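To start, the structure under review is shown below, and the notes come after it.
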Amino acid sequence: MKRLQENARNRGLGESLIIQTSVRILVPFIQLFGLYIIVHGHYSPGGGFQGGVVLGASFILLALAFDLRTSTRYLSERANMLLGNVGVLVYVGTGFLCAVMGGLFLDYSALEAIVPLGAIEWRSFGIFIVEVGVGLAVMNIMVSLFWDLGSGGALDEGL
Amino acid sequence: MKTLALLATVVTGAILLYGTMDFPAWGDPQSPASTHLSPVYIEKAVAETHVPNIVTAILGDYRGYDTMFETVVIYCAGLAVVSVLRRRES
């Protein structure tokens with residue numbers, strides 16, 4: 001990996017103004033599209049897994065166009081692991097909350113006891129909560145995999 | 001030893017392939033899955049969950065337990081890579 005980077009540096013490859021500028025412009029739109037995919041999963045193809053992958057890809061694109069440190073400046077290592085844990089906990093916690101509120105495990109209609117929206121409406125909204133959890137987990141695990149595999153775990157320069 | 005492993009793999013694969021011969025044909029409307037489960041989902045998913053996309057309704061609601069452990073599997077994979085590779089000199 002290091003030798004590859006030195007080769008790229010010596011030949012003047014790697015940093016490019018065109019790529020960096022276009023990535024800087026594109027990344028917010030990619031993230032917006034990722035959020036759209038998560039939120040719109042009820043009405044069109046999409047959902048937590050796909051939206052999370054698109055969100056994670058935006059940070060990987062930052063790391064590819066600039067370097068790994070730039071992407072850790074926008075999404076710190078600590079926040080990354082925290083959000084990944086929160087995503088899984090949101091899913092599992094929703095299931096346990098349903099069980100505690102008197103329904104079956106992951107039976108979202110039991111959440112009506114907390115906020116009275118209607119049992120069927122809660123089943124729709126429960127899916128949304130769960131998809132957000134999946135999206136958070138997938139996004140952060142993807143970014144974390146790229147960071148660790150791309151830099152050999154040192155999180156210094158990366159690809 | 002390698003020959004033995006290859007033999008065991010081939011025999012197991014052959015048995016599994018033989019087992020698939022009893023499966024219903026792909027897309028067979030008379031298969032049990034198409035006569036019992038699929039019609040219920042198609043007819044009741046929108047009324048029961050208010051989600052127009054039946055795939056999301058099945059993934060998030062009827063098969064929520066499966067999706068939960070899919071997420072946990074991804075989480076475990078990420079955690080394993082972090083715990084094996086990451087080293088920070090601080």
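Residue names in the structure tokens use chain letters A, B, ... in the order shown, residue numbers from 1 in each chain, and ligand numbers from 1 in the order shown.
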
Item to check | Residue list for chain B near chain A as a count of residues only, 12 Å, only C-alpha atoms | outcome: 47

Checklist entry - Which residues come within 7 Å of Ala65 (chain A), counting only C-alpha atoms, excluding same-chain residues fewer than 4 positions away, as a VMD selection string? => result chain A and resid 19 to 20 23 61

Checklist entry - Using the chain letters and numbers from this document, which residues of region 15-111 of chain A does DSSP assign to alpha helix (DSSP H), as a ChimeraX atom specification? => result /A:17-39,48-65,68-74,77-100

Item to check | Residues within 10 Å of region 67-69 of chain A, only C-alpha atoms, excluding chain neighbours under 4 positions, as a PyMOL selection string | outcome: chain A and resi 14-15+59-63+73-76+146-147+150-151+155-159

Next on the checklist: Just the number, please: distance in Å from CA of Ile42 (chain B) to CA of Gly118 (chain A), one decimal.
Outcome noted: 22.0 Å
